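Undergrad: Dumping the structure here so I can ask a few things about it.
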Amino acid sequence: MNTNEDQIFIQRLNQHPKLRERTEALLNVIENVAGDSTKADDAERFVIEELRKMGNDALHCWADKAALKSTEELRKQHPELHGNGKKKSSGTRPSE
């Protein structure tokens, strides 16, 4: 990668703090920062766990962006619609 591509990549990664955190954790495993990956089995277990967490975080980021995009598109198509926020009622009280 050239310097410009590196800068763009870092900017994109900074827009997703959880993914950046997972990437740093994965690098820590690869570099054995904690010193607890003395065997290939240990390193494999740590890498698999970090990749699982990274995948989960990536899907949550995607879902959040998709929900925002859908909401924006719906509001453009139907400007009369507006969100009312969270419901304030906790339901109907049971009668005695």
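Here, A, B, ... name the chains of the structure tokens in the order displayed, residue numbers run from 1 inside each chain, and ligands are numbered from 1 in the same displayed order.
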For A:Arg22, please output as JSON, numbers by chain all residues within 12 Å (counting only C-alpha atoms; exclusion window: fewer than 5 positions along the same chain).
TA: {"A": [13, 14, 16, 17, 27, 28, 29, 46, 47, 48, 49, 50, 51, 52, 53, 54, 55, 56, 57, 58]}
Undergrad: For the structure I just gave you, how does DSSP split chain A - specifically, which residues are alpha helix (DSSP H)? Reply as a ChimeraX atom specification.
TA: /A:3-14,17-30,40-77
Undergrad: Atoms to include: C-alpha atoms. Write the selected residues as a PDB file, in the first residue's frame.
TA:
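To be explicit, this is the file written out as out_13.pdb:
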```
ATOM      1  CA  THR A   3       0.936   6.306   1.937  1.00  0.00           C
ATOM      2  CA  ASN A   4      -2.351   7.694   0.596  1.00  0.00           C
ATOM      3  CA  GLU A   5      -4.031   4.266   0.742  1.00  0.00           C
ATOM      4  CA  ASP A   6      -2.708   3.801   4.279  1.00  0.00           C
ATOM      5  CA  GLN A   7      -4.181   7.130   5.364  1.00  0.00           C
ATOM      6  CA  ILE A   8      -7.549   6.327   3.808  1.00  0.00           C
ATOM      7  CA  PHE A   9      -7.561   2.905   5.467  1.00  0.00           C
ATOM      8  CA  ILE A  10      -6.742   4.397   8.879  1.00  0.00           C
ATOM      9  CA  GLN A  11      -9.463   7.053   8.473  1.00  0.00           C
ATOM     10  CA  ARG A  12     -12.007   4.368   7.595  1.00  0.00           C
ATOM     11  CA  LEU A  13     -10.903   2.184  10.491  1.00  0.00           C
ATOM     12  CA  ASN A  14     -11.165   5.140  12.884  1.00  0.00           C
ATOM     13  CA  PRO A  17     -13.871   2.090  16.909  1.00  0.00           C
ATOM     14  CA  LYS A  18     -14.950  -1.459  17.759  1.00  0.00           C
ATOM     15  CA  LEU A  19     -13.356  -2.865  14.621  1.00  0.00           C
ATOM     16  CA  ARG A  20     -10.198  -0.889  15.308  1.00  0.00           C
ATOM     17  CA  GLU A  21     -10.138  -2.334  18.819  1.00  0.00           C
ATOM     18  CA  ARG A  22     -10.539  -5.870  17.447  1.00  0.00           C
ATOM     19  CA  THR A  23      -7.820  -5.292  14.842  1.00  0.00           C
ATOM     20  CA  GLU A  24      -5.450  -4.128  17.562  1.00  0.00           C
ATOM     21  CA  ALA A  25      -6.350  -7.168  19.680  1.00  0.00           C
ATOM     22  CA  LEU A  26      -5.636  -9.447  16.715  1.00  0.00           C
ATOM     23  CA  LEU A  27      -2.266  -7.766  16.163  1.00  0.00           C
ATOM     24  CA  ASN A  28      -1.515  -8.259  19.857  1.00  0.00           C
ATOM     25  CA  VAL A  29      -2.154 -11.985  19.468  1.00  0.00           C
ATOM     26  CA  ILE A  30       0.022 -12.174  16.361  1.00  0.00           C
ATOM     27  CA  ALA A  40       0.310 -22.882  18.112  1.00  0.00           C
ATOM     28  CA  ASP A  41      -2.889 -24.215  19.730  1.00  0.00           C
ATOM     29  CA  ASP A  42      -3.007 -21.223  22.092  1.00  0.00           C
ATOM     30  CA  ALA A  43      -2.420 -18.733  19.280  1.00  0.00           C
ATOM     31  CA  GLU A  44      -5.047 -20.441  17.123  1.00  0.00           C
ATOM     32  CA  ARG A  45      -7.622 -20.287  19.928  1.00  0.00           C
ATOM     33  CA  PHE A  46      -6.941 -16.575  20.527  1.00  0.00           C
ATOM     34  CA  VAL A  47      -7.058 -15.736  16.801  1.00  0.00           C
ATOM     35  CA  ILE A  48     -10.327 -17.623  16.287  1.00  0.00           C
ATOM     36  CA  GLU A  49     -11.902 -15.866  19.272  1.00  0.00           C
ATOM     37  CA  GLU A  50     -10.813 -12.415  18.087  1.00  0.00           C
ATOM     38  CA  LEU A  51     -12.017 -13.083  14.538  1.00  0.00           C
ATOM     39  CA  ARG A  52     -15.380 -14.274  15.890  1.00  0.00           C
ATOM     40  CA  LYS A  53     -15.722 -11.069  17.916  1.00  0.00           C
ATOM     41  CA  MET A  54     -14.598  -8.977  14.936  1.00  0.00           C
ATOM     42  CA  GLY A  55     -17.208 -10.594  12.702  1.00  0.00           C
ATOM     43  CA  ASN A  56     -19.906  -9.947  15.289  1.00  0.00           C
ATOM     44  CA  ASP A  57     -18.870  -6.291  15.640  1.00  0.00           C
ATOM     45  CA  ALA A  58     -18.699  -5.872  11.848  1.00  0.00           C
ATOM     46  CA  LEU A  59     -22.242  -7.198  11.434  1.00  0.00           C
ATOM     47  CA  HIS A  60     -23.535  -4.893  14.169  1.00  0.00           C
ATOM     48  CA  CYS A  61     -21.901  -1.898  12.448  1.00  0.00           C
ATOM     49  CA  TRP A  62     -23.429  -2.955   9.135  1.00  0.00           C
ATOM     50  CA  ALA A  63     -26.889  -3.385  10.699  1.00  0.00           C
ATOM     51  CA  ASP A  64     -26.744   0.051  12.342  1.00  0.00           C
ATOM     52  CA  LYS A  65     -25.800   1.707   9.038  1.00  0.00           C
ATOM     53  CA  ALA A  66     -28.451  -0.249   7.110  1.00  0.00           C
ATOM     54  CA  ALA A  67     -31.148   0.775   9.603  1.00  0.00           C
ATOM     55  CA  LEU A  68     -30.155   4.442   9.357  1.00  0.00           C
ATOM     56  CA  LYS A  69     -30.111   4.307   5.556  1.00  0.00           C
ATOM     57  CA  SER A  70     -33.554   2.661   5.444  1.00  0.00           C
ATOM     58  CA  THR A  71     -34.966   5.266   7.815  1.00  0.00           C
ATOM     59  CA  GLU A  72     -33.535   8.122   5.743  1.00  0.00           C
ATOM     60  CA  GLU A  73     -34.905   6.680   2.515  1.00  0.00           C
ATOM     61  CA  LEU A  74     -38.342   6.145   4.040  1.00  0.00           C
ATOM     62  CA  ARG A  75     -38.418   9.716   5.348  1.00  0.00           C
ATOM     63  CA  LYS A  76     -37.469  11.038   1.890  1.00  0.00           C
ATOM     64  CA  GLN A  77     -40.258   9.035   0.273  1.00  0.00           C
TER      65      GLN A  77
END
```
Undergrad: Figure out the distance between atom CA of A:Ala34 and atom CA of A:Gln15, please, to one decimal in Å.
TA: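 Atom-to-atom, atom CA of A:Gln15 and atom CA of A:Ala34 are spaced 26.8 Å apart.
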